[in-house]
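Enquirer: The structure is given below, and queries will be raised subsequently.
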Protein chains: 2
Amino acid sequence: MRFCPARALPGKRAPLSCGDVGDLASLGEFGLIRRLLEHLPATEGLGGPGDDAAVLPAMRESMVVTADILVQDRHFDLGFSSPPDVGFKALTVNVSDVAAMGATPRYAVVSLGAPAGTDVAVLEGIYEGIAESADEHGVAIVGGDTTGSPVLLLSIALIGEATEGRALPRSGALEGDFICVTGALGAAVAGLQLHRRNDQPARAVLERFPGLATAHRRGRARVAEGRAAARGGAHAMIDVSDGLVADLGHICETSGLGAVLDTGKIPIDRGVEEAAAVIGVSPLDLALHGGDDYELVIAVPRELVDALGKDISQTPLSVIGRFVAGSGVSLETGETVQPRGWDHFKA
Amino acid sequence: MRFCPARALPGKRAPLSCGDVGDLASLGEFGLIRRLLEHLPATEGLGGPGDDAAVLPAMRESMVVTADILVQDRHFDLGFSSPPDVGFKALTVNVSDVAAMGATPRYAVVSLGAPAGTDVAVLEGIYEGIAESADEHGVAIVGGDTTGSPVLLLSIALIGEATEGRALPRSGALEGDFICVTGALGAAVAGLQLHRRNDQPARAVLERFPGLATAHRRGRARVAEGRAAARGGAHAMIDVSDGLVADLGHICETSGLGAVLDTGKIPIDRGVEEAAAVIGVSPLDLALHGGDDYELVIAVPRELVDALGKDISQTPLSVIGRFVAGSGVSLETGETVQPRGWDHFKA
């Protein structure tokens, strides 16, 4: 059942529903859509009533499109993340993909599959989280689809806007470019690993560094930083979703270059060291291979690094190495580092 | 794992792969994406390399966005439809949604979830069908996502373009407008019902009228007809996906009107009468309540009907009733007709 809030919700956002409404089978699809729409921001001024499809104004700049599916117990775990966390992250990872192009997120369609026995409060919580991320990133949810499904899943497509000719691909890095990274790495995978261990030492670290769990549960998207990089003359960009080495490797492969990392410069997030001790790995391992950080890795001509750092002064920008002739990612010692991504079909 | 054929496939469409490559777990996600991309038309000239997201040129006109999820054994049955049928229909139903706005389909993102044990040939077949529909409708597949999932599913978002101010909503019908429908109704549900019975009489009708099975397996999208309606001054439009009464009911509800059908004028597809006899219902029942026809129901001012009929002369256009003050759908006898849609969460 498709829905288009552009028509269904012409006014302001309604207050969240409350009270126990039971499972999906008793509420029905129309009832579900009505309740879910209450959680989404109003989409006034989008130019059309929308029904079979949402109608949106023309875009003056280049259009950027991305899509992600999240499947329960593969991409999210309701034992660890609350429904609003799941919804927030589902939209935010798409926003991060658009940010990694140097673009601004604009419109999303959100499709949902759920078993008939699903507690409607879970689905409402997910939409609450989606709405929170949409608010934070200025995204209008313009439509979607709902269906029964043997597993709970969310499929989101996001449309963004990039200044004509300014979208930043993975493939544009040049030899000698500095490798820059925003923020700090390793917290999301540390939070996830500690949650999976769930022994006393793991719980103690999670309690001491609540940011570790938040990093995994919520994610972030560096939209302003991505736009600054596109504007500031960066050559290539990617977001860290599979891990620094894996994602930097994509820039190397598509740009026909190698990358040498200065491991001492890699910014490691708060609490990652303590988490690594409990998990039994090095903090650097978590920073090099942990996924879900959603920081940006940027190929920047060395003469432009300082200006970019000033432009995004609210966020740390670290120079962690440089692009060189060759292939693959290696450390300053000459040691090659292989990505340790996981394969979704084998997980 | 996201993919963007805009980068991955800069040349012409490669020939289809052949040979048995086994299941998904042994092929892996990268291998799958490489094989699937071979089935998609090339997307040269889309303006960007795409990676985290596809980059597309600015759209001069209004943008129209729709999304649909299809879940195995709920929306498609691989015992009845071949994998190319499933892929073809998955994209075509989205194209039909865009057509029902009077818009032209342009870009799609295709996300796929599949169990690890899925035969890769099934997934390749699905993409072959998607490519066939994309070719037919001038749609570029600009990206997507793949993931493991306990159930085979396809999630597609489609972006179209509508002349500014000309997108046709459901809500615009006026009292006195004629209710027009393109083509003929009832074949898709007749084909599905006969397949489900699968007894000797059902098989005999399917054999005599192969169009019944095709109607269900493939679907259609009336893009040119939808654009002609938008251009020709129609007031409201919807595609018949849930059944004529259900979908006409949406126009009534959103336009604040009733509809009176002239049942003798409702165009019934070839073979539907014979199918109805086997199923034990009236042909009119199948035409009134059968879903998946994807014909367009259009509210047309009476003085514009002839011109519209001439404009789309390749497709029959039938006047099947008119919009009146009141609510709901009734027959010329005064009898009210309730929709018999199904609820996806209860199915």
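Lettering and numbering for the structure tokens are positional, with chains as A, B, ... in the shown order, residues counted from 1 in each chain, and ligands counted from 1 in the shown order.
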Hey, what's within 7 Å of segment 111-123 of chain B if we count only C-alpha atoms and toss same-chain stuff fewer than 4 positions away? As a ChimeraX atom specification, please?
Expert: /A:69,345-346 /B:21-25,83,127,144-156
Enquirer: If you keep C-alpha atoms, can you produce a file of those selected residues as a CSV table (one decimal), in the first residue's frame?
Expert:
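To be explicit, this is the file written out as part12.csv:
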```csv
chain,number,residue,atom,x,y,z
A,69,ILE,CA,17.7,-1.8,2.6
A,345,PHE,CA,25.1,-12.8,2.0
A,346,LYS,CA,27.6,-14.7,4.1
B,21,VAL,CA,27.1,-20.1,-11.2
B,22,GLY,CA,25.4,-21.8,-8.2
B,23,ASP,CA,23.9,-20.0,-5.2
B,24,LEU,CA,24.4,-16.6,-3.7
B,25,ALA,CA,26.6,-17.7,-0.8
B,83,PRO,CA,12.1,-14.6,-12.9
B,127,TYR,CA,17.3,-8.3,-13.5
B,144,GLY,CA,20.4,0.2,-5.8
B,145,ASP,CA,21.4,-2.0,-2.9
B,146,THR,CA,21.7,-5.8,-2.3
B,147,THR,CA,21.4,-7.6,0.9
B,148,GLY,CA,20.8,-11.0,2.4
B,149,SER,CA,17.3,-11.5,3.6
B,150,PRO,CA,15.2,-14.5,4.8
B,151,VAL,CA,12.8,-13.8,1.9
B,152,LEU,CA,13.4,-12.8,-1.7
B,153,LEU,CA,12.2,-9.2,-2.2
B,154,LEU,CA,12.6,-6.3,-4.6
B,155,SER,CA,12.2,-2.7,-3.6
B,156,ILE,CA,12.1,-0.1,-6.4
```
Enquirer: Per residue of chain A within 6 Å of chain B, note the shortest atom pair and the distance in Å to one decimal, counting only C-alpha atoms, and order the rows by chain and increasing residue number, as a Markdown table.
Expert:
```
| residue | atom | partner | partner_atom | distance |
| --- | --- | --- | --- | --- |
| A:Ala25 | CA | B:Phe345 | CA | 5.8 |
| A:Asp52 | CA | B:Asp97 | CA | 5.0 |
| A:Ala53 | CA | B:Thr66 | CA | 4.6 |
| A:Ala54 | CA | B:Val65 | CA | 5.2 |
| A:Val55 | CA | B:Val64 | CA | 4.6 |
| A:Leu56 | CA | B:Met63 | CA | 4.9 |
| A:Pro57 | CA | B:Ser62 | CA | 4.8 |
| A:Ala58 | CA | B:Ser62 | CA | 4.5 |
| A:Met59 | CA | B:Met59 | CA | 5.7 |
| A:Arg60 | CA | B:Ala58 | CA | 5.6 |
| A:Glu61 | CA | B:Ala58 | CA | 5.0 |
| A:Ser62 | CA | B:Ala58 | CA | 4.4 |
| A:Met63 | CA | B:Leu56 | CA | 4.9 |
| A:Val64 | CA | B:Val55 | CA | 4.5 |
| A:Val65 | CA | B:Ala54 | CA | 5.2 |
| A:Thr66 | CA | B:Ala53 | CA | 4.6 |
| A:Ala67 | CA | B:Gly144 | CA | 5.4 |
| A:Asp68 | CA | B:Asp145 | CA | 5.5 |
| A:Asp97 | CA | B:Asp52 | CA | 5.0 |
| A:Ala116 | CA | B:Phe345 | CA | 5.4 |
| A:Gly144 | CA | B:Ala67 | CA | 5.4 |
| A:Asp145 | CA | B:Asp68 | CA | 5.5 |
| A:Thr147 | CA | B:His344 | CA | 5.7 |
| A:Gly148 | CA | B:Phe345 | CA | 4.7 |
| A:His344 | CA | B:Gly148 | CA | 5.5 |
| A:Phe345 | CA | B:Gly148 | CA | 4.7 |
| A:Lys346 | CA | B:Ala25 | CA | 5.8 |
```
Enquirer: Could those selected residues go to a file with C-alpha atoms, as a PDB file, in the first residue's frame?
Expert:
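Output contents, as saved in out.pdb:
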```
ATOM      1  CA  ALA A  25      -2.948  -7.704  11.687  1.00  0.00           C
ATOM      2  CA  ASP A  52       0.232   7.340  -6.949  1.00  0.00           C
ATOM      3  CA  ALA A  53       3.425   9.335  -6.660  1.00  0.00           C
ATOM      4  CA  ALA A  54       4.590  12.454  -4.857  1.00  0.00           C
ATOM      5  CA  VAL A  55       4.987  15.592  -6.958  1.00  0.00           C
ATOM      6  CA  LEU A  56       7.976  17.775  -6.145  1.00  0.00           C
ATOM      7  CA  PRO A  57       9.307  20.999  -7.574  1.00  0.00           C
ATOM      8  CA  ALA A  58      11.960  20.919 -10.294  1.00  0.00           C
ATOM      9  CA  MET A  59      15.557  20.753  -9.050  1.00  0.00           C
ATOM     10  CA  ARG A  60      17.859  23.362 -10.431  1.00  0.00           C
ATOM     11  CA  GLU A  61      21.040  21.476  -9.628  1.00  0.00           C
ATOM     12  CA  SER A  62      22.276  17.941 -10.267  1.00  0.00           C
ATOM     13  CA  MET A  63      20.221  15.216  -8.690  1.00  0.00           C
ATOM     14  CA  VAL A  64      21.873  12.594  -6.505  1.00  0.00           C
ATOM     15  CA  VAL A  65      20.053   9.326  -5.744  1.00  0.00           C
ATOM     16  CA  THR A  66      20.882   6.530  -3.329  1.00  0.00           C
ATOM     17  CA  ALA A  67      19.076   3.560  -1.785  1.00  0.00           C
ATOM     18  CA  ASP A  68      19.570   1.188   1.162  1.00  0.00           C
ATOM     19  CA  ASP A  97      25.747   8.543   1.207  1.00  0.00           C
ATOM     20  CA  ALA A 116       1.499  -9.401  10.690  1.00  0.00           C
ATOM     21  CA  GLY A 144       6.632   5.069   0.484  1.00  0.00           C
ATOM     22  CA  ASP A 145       5.065   1.667   0.548  1.00  0.00           C
ATOM     23  CA  THR A 147       3.714  -4.535   2.934  1.00  0.00           C
ATOM     24  CA  GLY A 148       3.522  -7.688   4.955  1.00  0.00           C
ATOM     25  CA  HIS A 344      26.032  -9.487   3.574  1.00  0.00           C
ATOM     26  CA  PHE A 345      25.112 -12.790   1.985  1.00  0.00           C
ATOM     27  CA  LYS A 346      27.555 -14.729   4.112  1.00  0.00           C
TER      28      LYS A 346
END
```
Enquirer: Please provide the set of residues having any atom within 12 Å of Thr333 of chain B, restricted to only C-alpha atoms, with same-chain residues fewer than 4 positions apart removed, written as a list in words.
Expert: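 The neighbour list is Val260, Leu261, Asp262, Thr263, Gly264, Val329 and Val337 of chain B.
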Enquirer: Based on the selection just made, write N, CA, C and O atoms of those residues as a compact mmCIF listing (two decimals), in the first residue's frame.
Expert:
```txt
# COMPACT_ATOMS: atom_id res chain seq x y z
N VAL B 260 -21.04 6.95 -10.56
CA VAL B 260 -22.06 6.00 -11.02
C VAL B 260 -21.52 5.30 -12.26
O VAL B 260 -21.15 5.95 -13.25
N LEU B 261 -21.45 3.97 -12.17
CA LEU B 261 -20.91 3.19 -13.29
C LEU B 261 -22.04 2.70 -14.19
O LEU B 261 -23.10 2.30 -13.72
N ASP B 262 -21.77 2.72 -15.48
CA ASP B 262 -22.67 2.14 -16.46
C ASP B 262 -22.08 0.76 -16.80
O ASP B 262 -21.21 0.64 -17.67
N THR B 263 -22.55 -0.25 -16.08
CA THR B 263 -21.86 -1.55 -16.12
C THR B 263 -21.76 -2.13 -17.53
O THR B 263 -20.80 -2.82 -17.85
N GLY B 264 -22.74 -1.83 -18.36
CA GLY B 264 -22.71 -2.37 -19.72
C GLY B 264 -21.56 -1.82 -20.55
O GLY B 264 -21.18 -2.41 -21.57
N VAL B 329 -19.00 4.41 -4.83
CA VAL B 329 -19.21 3.93 -6.19
C VAL B 329 -20.54 3.17 -6.24
O VAL B 329 -20.78 2.31 -5.40
N VAL B 337 -21.55 -0.31 -4.59
CA VAL B 337 -20.56 -1.39 -4.70
C VAL B 337 -19.41 -1.09 -3.76
O VAL B 337 -18.81 -0.02 -3.81
```
Enquirer: Quick one: distance from atom CA of Glu175 of chain B to atom CA of His289 of chain B in Å, one decimal?
Expert: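 Atom-to-atom, atom CA of Glu175 of chain B and atom CA of His289 of chain B are spaced 23.7 Å apart.
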Enquirer: Could you give me, as an MDAnalysis selection string, the residues within 8 Å of Lys89 of chain A, counting only C-alpha atoms and dropping anything in the same chain fewer than 2 positions from it?
Expert: chainID A and resid 85:87 91:93 129:130 133 217:220
Enquirer: What would the file look like if the residues just selected were written as a compact mmCIF listing (two decimals), in the first residue's frame with N, CA, C and O atoms?
Expert:
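Written output follows (part-v7.txt):
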```txt
# COMPACT_ATOMS: atom_id res chain seq x y z
N ASP A 85 15.91 4.38 17.31
CA ASP A 85 17.30 4.26 16.87
C ASP A 85 17.36 3.68 15.45
O ASP A 85 18.09 4.15 14.59
N VAL A 86 16.59 2.60 15.25
CA VAL A 86 16.59 1.92 13.95
C VAL A 86 16.14 2.87 12.85
O VAL A 86 16.76 2.96 11.79
N GLY A 87 15.05 3.58 13.10
CA GLY A 87 14.54 4.52 12.10
C GLY A 87 15.52 5.65 11.84
O GLY A 87 15.77 6.02 10.69
N LEU A 91 17.52 6.22 7.97
CA LEU A 91 17.55 7.40 7.12
C LEU A 91 18.95 8.03 7.10
O LEU A 91 19.45 8.46 6.06
N THR A 92 19.59 8.03 8.27
CA THR A 92 20.87 8.73 8.39
C THR A 92 21.96 8.10 7.51
O THR A 92 22.79 8.81 6.94
N VAL A 93 21.96 6.76 7.36
CA VAL A 93 22.98 6.15 6.50
C VAL A 93 22.78 6.57 5.04
O VAL A 93 23.74 6.71 4.29
N GLY A 129 11.86 7.77 14.74
CA GLY A 129 13.29 7.95 14.52
C GLY A 129 13.59 8.47 13.12
O GLY A 129 14.47 9.32 12.94
N ILE A 130 12.85 7.99 12.14
CA ILE A 130 13.02 8.50 10.77
C ILE A 130 12.72 10.00 10.75
O ILE A 130 13.46 10.79 10.16
N SER A 133 15.57 12.07 12.22
CA SER A 133 16.69 12.26 11.29
C SER A 133 16.28 13.19 10.15
O SER A 133 17.07 14.04 9.71
N ARG A 217 24.19 2.79 17.43
CA ARG A 217 22.72 2.81 17.33
C ARG A 217 22.20 3.89 16.41
O ARG A 217 21.18 3.73 15.76
N ARG A 218 22.87 5.03 16.42
CA ARG A 218 22.30 6.21 15.75
C ARG A 218 22.99 6.55 14.43
O ARG A 218 22.35 6.91 13.48
N GLY A 219 24.31 6.46 14.40
CA GLY A 219 25.03 6.92 13.21
C GLY A 219 24.96 8.43 13.08
O GLY A 219 24.28 9.12 13.85
N ARG A 220 25.71 8.93 12.13
CA ARG A 220 25.72 10.38 11.90
C ARG A 220 25.87 10.58 10.41
O ARG A 220 26.10 9.63 9.66
```
Enquirer: Just the strand (DSSP E) stuff from segment 70-128 of chain B, please, per backbone DSSP, written as a list of chain:residue names.
Expert: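 Taking segment 70-128 of chain B and keeping strand (DSSP E) only, one gets B:Leu70, B:Val71, B:Thr104, B:Pro105, B:Arg106, B:Tyr107, B:Ala108, B:Val109, B:Val110, B:Ser111, B:Leu112, B:Gly113, B:Ala114.
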Enquirer: Next, dump the selected residues to file, keeping only all heavy atoms, as an mmCIF file, in the first residue's frame.
Expert:
```cif
data_model
loop_
_atom_site.group_PDB
_atom_site.id
_atom_site.type_symbol
_atom_site.label_atom_id
_atom_site.label_comp_id
_atom_site.auth_asym_id
_atom_site.auth_seq_id
_atom_site.Cartn_x
_atom_site.Cartn_y
_atom_site.Cartn_z
ATOM 1 N N LEU B 70 8.072 -5.526 -3.456
ATOM 2 C CA LEU B 70 7.447 -6.795 -3.817
ATOM 3 C C LEU B 70 8.130 -7.915 -3.042
ATOM 4 O O LEU B 70 9.355 -8.024 -3.059
ATOM 5 C CB LEU B 70 7.585 -7.073 -5.320
ATOM 6 C CG LEU B 70 6.627 -6.298 -6.227
ATOM 7 C CD1 LEU B 70 7.189 -4.920 -6.516
ATOM 8 C CD2 LEU B 70 6.399 -7.036 -7.527
ATOM 9 N N VAL B 71 7.324 -8.713 -2.355
ATOM 10 C CA VAL B 71 7.840 -9.789 -1.520
ATOM 11 C C VAL B 71 7.385 -11.126 -2.114
ATOM 12 O O VAL B 71 6.220 -11.280 -2.491
ATOM 13 C CB VAL B 71 7.309 -9.636 -0.071
ATOM 14 C CG1 VAL B 71 7.732 -10.810 0.795
ATOM 15 C CG2 VAL B 71 7.783 -8.322 0.545
ATOM 16 N N THR B 104 6.392 11.189 -17.004
ATOM 17 C CA THR B 104 7.259 10.313 -17.789
ATOM 18 C C THR B 104 8.315 9.710 -16.875
ATOM 19 O O THR B 104 9.020 10.442 -16.182
ATOM 20 C CB THR B 104 7.969 11.140 -18.885
ATOM 21 O OG1 THR B 104 6.972 11.828 -19.627
ATOM 22 C CG2 THR B 104 8.775 10.247 -19.812
ATOM 23 N N PRO B 105 8.428 8.375 -16.840
ATOM 24 C CA PRO B 105 9.421 7.747 -15.957
ATOM 25 C C PRO B 105 10.832 8.000 -16.457
ATOM 26 O O PRO B 105 11.082 8.017 -17.663
ATOM 27 C CB PRO B 105 9.077 6.263 -16.040
ATOM 28 C CG PRO B 105 8.406 6.085 -17.357
ATOM 29 C CD PRO B 105 7.680 7.384 -17.628
ATOM 30 N N ARG B 106 11.776 8.206 -15.548
ATOM 31 C CA ARG B 106 13.163 8.528 -15.922
ATOM 32 C C ARG B 106 14.210 7.631 -15.259
ATOM 33 O O ARG B 106 15.006 7.028 -15.935
ATOM 34 C CB ARG B 106 13.479 9.978 -15.527
ATOM 35 C CG ARG B 106 12.685 11.025 -16.276
ATOM 36 C CD ARG B 106 13.264 11.279 -17.651
ATOM 37 N NE ARG B 106 12.602 12.390 -18.296
ATOM 38 C CZ ARG B 106 12.083 12.339 -19.531
ATOM 39 N NH1 ARG B 106 12.150 11.229 -20.245
ATOM 40 N NH2 ARG B 106 11.498 13.394 -20.045
ATOM 41 N N TYR B 107 14.242 7.613 -13.928
ATOM 42 C CA TYR B 107 15.336 6.952 -13.209
ATOM 43 C C TYR B 107 14.780 6.029 -12.127
ATOM 44 O O TYR B 107 13.836 6.394 -11.434
ATOM 45 C CB TYR B 107 16.220 7.986 -12.501
ATOM 46 C CG TYR B 107 16.752 9.048 -13.421
ATOM 47 C CD1 TYR B 107 16.305 10.358 -13.331
ATOM 48 C CD2 TYR B 107 17.707 8.740 -14.382
ATOM 49 C CE1 TYR B 107 16.801 11.344 -14.172
ATOM 50 C CE2 TYR B 107 18.197 9.716 -15.227
ATOM 51 C CZ TYR B 107 17.741 11.014 -15.125
ATOM 52 O OH TYR B 107 18.226 11.975 -15.960
ATOM 53 N N ALA B 108 15.414 4.872 -11.976
ATOM 54 C CA ALA B 108 14.993 3.967 -10.902
ATOM 55 C C ALA B 108 16.190 3.510 -10.091
ATOM 56 O O ALA B 108 17.299 3.387 -10.618
ATOM 57 C CB ALA B 108 14.269 2.757 -11.480
ATOM 58 N N VAL B 109 15.967 3.284 -8.794
ATOM 59 C CA VAL B 109 16.920 2.544 -7.974
ATOM 60 C C VAL B 109 16.245 1.239 -7.566
ATOM 61 O O VAL B 109 15.072 1.224 -7.193
ATOM 62 C CB VAL B 109 17.393 3.329 -6.724
ATOM 63 C CG1 VAL B 109 18.398 4.403 -7.107
ATOM 64 C CG2 VAL B 109 16.234 3.961 -5.973
ATOM 65 N N VAL B 110 16.997 0.153 -7.662
ATOM 66 C CA VAL B 110 16.457 -1.194 -7.472
ATOM 67 C C VAL B 110 17.200 -1.859 -6.329
ATOM 68 O O VAL B 110 18.400 -2.103 -6.436
ATOM 69 C CB VAL B 110 16.651 -2.035 -8.753
ATOM 70 C CG1 VAL B 110 16.182 -3.463 -8.512
ATOM 71 C CG2 VAL B 110 15.923 -1.409 -9.930
ATOM 72 N N SER B 111 16.516 -2.149 -5.241
ATOM 73 C CA SER B 111 17.148 -2.850 -4.130
ATOM 74 C C SER B 111 16.605 -4.264 -4.052
ATOM 75 O O SER B 111 15.426 -4.503 -4.314
ATOM 76 C CB SER B 111 16.903 -2.100 -2.823
ATOM 77 O OG SER B 111 17.555 -0.839 -2.864
ATOM 78 N N LEU B 112 17.489 -5.183 -3.692
ATOM 79 C CA LEU B 112 17.181 -6.606 -3.742
ATOM 80 C C LEU B 112 17.604 -7.260 -2.442
ATOM 81 O O LEU B 112 18.721 -7.044 -1.973
ATOM 82 C CB LEU B 112 17.995 -7.210 -4.898
ATOM 83 C CG LEU B 112 17.982 -8.710 -5.031
ATOM 84 C CD1 LEU B 112 16.735 -9.146 -5.795
ATOM 85 C CD2 LEU B 112 19.230 -9.194 -5.752
ATOM 86 N N GLY B 113 16.709 -8.049 -1.861
ATOM 87 C CA GLY B 113 17.076 -8.886 -0.723
ATOM 88 C C GLY B 113 16.865 -10.338 -1.115
ATOM 89 O O GLY B 113 15.864 -10.655 -1.770
ATOM 90 N N ALA B 114 17.780 -11.216 -0.738
ATOM 91 C CA ALA B 114 17.643 -12.622 -1.116
ATOM 92 C C ALA B 114 18.332 -13.519 -0.104
ATOM 93 O O ALA B 114 19.394 -13.167 0.433
ATOM 94 C CB ALA B 114 18.233 -12.858 -2.501
#
```
Enquirer: Could you tell me how far atom CA of Asp177 of chain B sits from atom CA of Leu286 of chain B, in Å to one decimal place?
Expert: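 Atom CA of Asp177 of chain B lies 24.7 Å from atom CA of Leu286 of chain B.
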Enquirer: In Å, with one decimal, what is the gap from atom CA of Ser255 of chain B to atom CA of Ala236 of chain B?
Expert: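 About the pair atom CA of Ser255 of chain B and atom CA of Ala236 of chain B: they are 8.7 Å apart.
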Enquirer: Check segment 86-311 of chain A with DSSP on the backbone and list each residue it calls helix (DSSP H, G or I), as a PyMOL selection string.
Expert: chain A and resi 86-99+120-137+187-197+200-208+210-218+223-231+244-255+263-265+272-279+283-289+302-311
Enquirer: Considering only C-alpha atoms, return as number ranges by chain whatever protein or nucleic-acid residues lie within 10 Å of segment 275-279 of chain A, sequence-local ones (same chain, fewer than 3 positions apart) excluded.
Expert: A: 186-187, 189-191, 193-194, 197, 199-206, 209, 212, 270-272, 282-286
Enquirer: Taking 2 positions as the minimum chain separation for residues in the same chain, which residues sit within 12 Å of Val305 of chain B when counting only C-alpha atoms? Answer as a compact mmCIF listing (two decimals) with N, CA, C and O atoms, in the first residue's frame.
Expert:
```
# COMPACT_ATOMS: atom_id res chain seq x y z
N ASP B 177 -17.92 15.13 -14.51
CA ASP B 177 -16.84 14.54 -15.31
C ASP B 177 -17.21 13.12 -15.72
O ASP B 177 -17.81 12.37 -14.94
N PHE B 178 -16.80 12.75 -16.92
CA PHE B 178 -16.97 11.37 -17.35
C PHE B 178 -15.87 10.51 -16.72
O PHE B 178 -14.74 10.97 -16.54
N ILE B 179 -16.25 9.27 -16.40
CA ILE B 179 -15.26 8.29 -15.94
C ILE B 179 -14.81 7.50 -17.17
O ILE B 179 -15.61 6.81 -17.79
N CYS B 180 -13.54 7.65 -17.52
CA CYS B 180 -13.01 6.94 -18.68
C CYS B 180 -12.01 5.90 -18.20
O CYS B 180 -11.35 6.07 -17.17
N VAL B 181 -11.90 4.82 -18.95
CA VAL B 181 -10.89 3.81 -18.64
C VAL B 181 -10.21 3.38 -19.95
O VAL B 181 -10.86 3.27 -20.99
N THR B 182 -8.90 3.21 -19.86
CA THR B 182 -8.14 2.74 -21.02
C THR B 182 -8.25 1.22 -21.12
O THR B 182 -8.48 0.54 -20.12
N ALA B 228 -1.06 11.92 -22.31
CA ALA B 228 -2.10 12.53 -23.15
C ALA B 228 -3.23 13.08 -22.27
O ALA B 228 -3.76 14.16 -22.53
N ALA B 229 -3.57 12.34 -21.22
CA ALA B 229 -4.65 12.79 -20.33
C ALA B 229 -4.25 14.08 -19.62
O ALA B 229 -5.05 15.01 -19.48
N GLY B 232 -4.28 16.79 -22.09
CA GLY B 232 -5.59 17.00 -22.71
C GLY B 232 -6.65 17.53 -21.77
O GLY B 232 -7.83 17.51 -22.10
N GLY B 233 -6.24 17.96 -20.57
CA GLY B 233 -7.20 18.63 -19.70
C GLY B 233 -8.01 17.72 -18.78
O GLY B 233 -9.02 18.14 -18.23
N ALA B 234 -7.56 16.47 -18.59
CA ALA B 234 -8.25 15.60 -17.62
C ALA B 234 -8.11 16.20 -16.22
O ALA B 234 -7.20 16.99 -15.96
N HIS B 235 -9.02 15.82 -15.32
CA HIS B 235 -9.03 16.40 -13.98
C HIS B 235 -8.37 15.53 -12.91
O HIS B 235 -7.90 16.04 -11.90
N ILE B 298 -9.74 7.70 -15.59
CA ILE B 298 -9.49 9.13 -15.78
C ILE B 298 -10.80 9.92 -15.65
O ILE B 298 -11.82 9.51 -16.22
N ALA B 299 -10.76 11.00 -14.89
CA ALA B 299 -11.90 11.92 -14.82
C ALA B 299 -11.71 12.98 -15.91
O ALA B 299 -10.78 13.77 -15.84
N VAL B 300 -12.59 12.96 -16.91
CA VAL B 300 -12.42 13.82 -18.07
C VAL B 300 -13.68 14.69 -18.24
O VAL B 300 -14.80 14.16 -18.22
N PRO B 301 -13.51 16.00 -18.38
CA PRO B 301 -14.67 16.85 -18.68
C PRO B 301 -15.31 16.34 -19.98
O PRO B 301 -14.60 16.01 -20.93
N ARG B 302 -16.64 16.27 -20.01
CA ARG B 302 -17.29 15.56 -21.12
C ARG B 302 -16.92 16.13 -22.49
O ARG B 302 -16.81 15.39 -23.45
N GLU B 303 -16.67 17.45 -22.56
CA GLU B 303 -16.38 18.05 -23.86
C GLU B 303 -14.97 17.70 -24.36
O GLU B 303 -14.64 17.98 -25.52
N ALA B 307 -11.63 14.28 -27.93
CA ALA B 307 -10.27 14.66 -28.30
C ALA B 307 -9.25 13.73 -27.64
O ALA B 307 -8.27 13.32 -28.28
N LEU B 308 -9.50 13.36 -26.39
CA LEU B 308 -8.57 12.46 -25.70
C LEU B 308 -8.56 11.09 -26.38
O LEU B 308 -7.51 10.49 -26.60
N GLY B 309 -9.77 10.62 -26.73
CA GLY B 309 -9.87 9.33 -27.42
C GLY B 309 -9.08 9.33 -28.72
O GLY B 309 -8.41 8.34 -29.05
N LYS B 310 -9.13 10.46 -29.43
CA LYS B 310 -8.37 10.52 -30.70
C LYS B 310 -6.88 10.59 -30.43
O LYS B 310 -6.08 9.98 -31.14
N ASP B 311 -6.50 11.31 -29.37
CA ASP B 311 -5.08 11.49 -29.06
C ASP B 311 -4.42 10.15 -28.73
O ASP B 311 -3.24 9.94 -29.03
N ILE B 312 -5.16 9.26 -28.10
CA ILE B 312 -4.58 7.95 -27.74
C ILE B 312 -5.22 6.87 -28.59
O ILE B 312 -5.54 5.78 -28.09
N SER B 313 -5.35 7.13 -29.88
CA SER B 313 -6.18 6.25 -30.72
C SER B 313 -5.64 4.82 -30.76
O SER B 313 -6.37 3.90 -31.10
N LEU B 317 -10.45 3.82 -25.41
CA LEU B 317 -10.83 4.63 -24.25
C LEU B 317 -12.35 4.51 -24.11
O LEU B 317 -13.09 4.88 -25.02
N SER B 318 -12.80 3.96 -22.99
CA SER B 318 -14.24 3.74 -22.79
C SER B 318 -14.77 4.70 -21.74
O SER B 318 -14.15 4.89 -20.69
N VAL B 319 -15.94 5.28 -22.03
CA VAL B 319 -16.65 6.07 -21.02
C VAL B 319 -17.53 5.09 -20.25
O VAL B 319 -18.41 4.46 -20.83
N ILE B 320 -17.26 4.93 -18.94
CA ILE B 320 -17.95 3.88 -18.18
C ILE B 320 -18.83 4.46 -17.08
O ILE B 320 -19.35 3.71 -16.24
N ARG B 322 -20.06 8.37 -14.72
CA ARG B 322 -19.71 9.76 -14.46
C ARG B 322 -19.68 10.05 -12.96
O ARG B 322 -20.23 9.29 -12.16
```
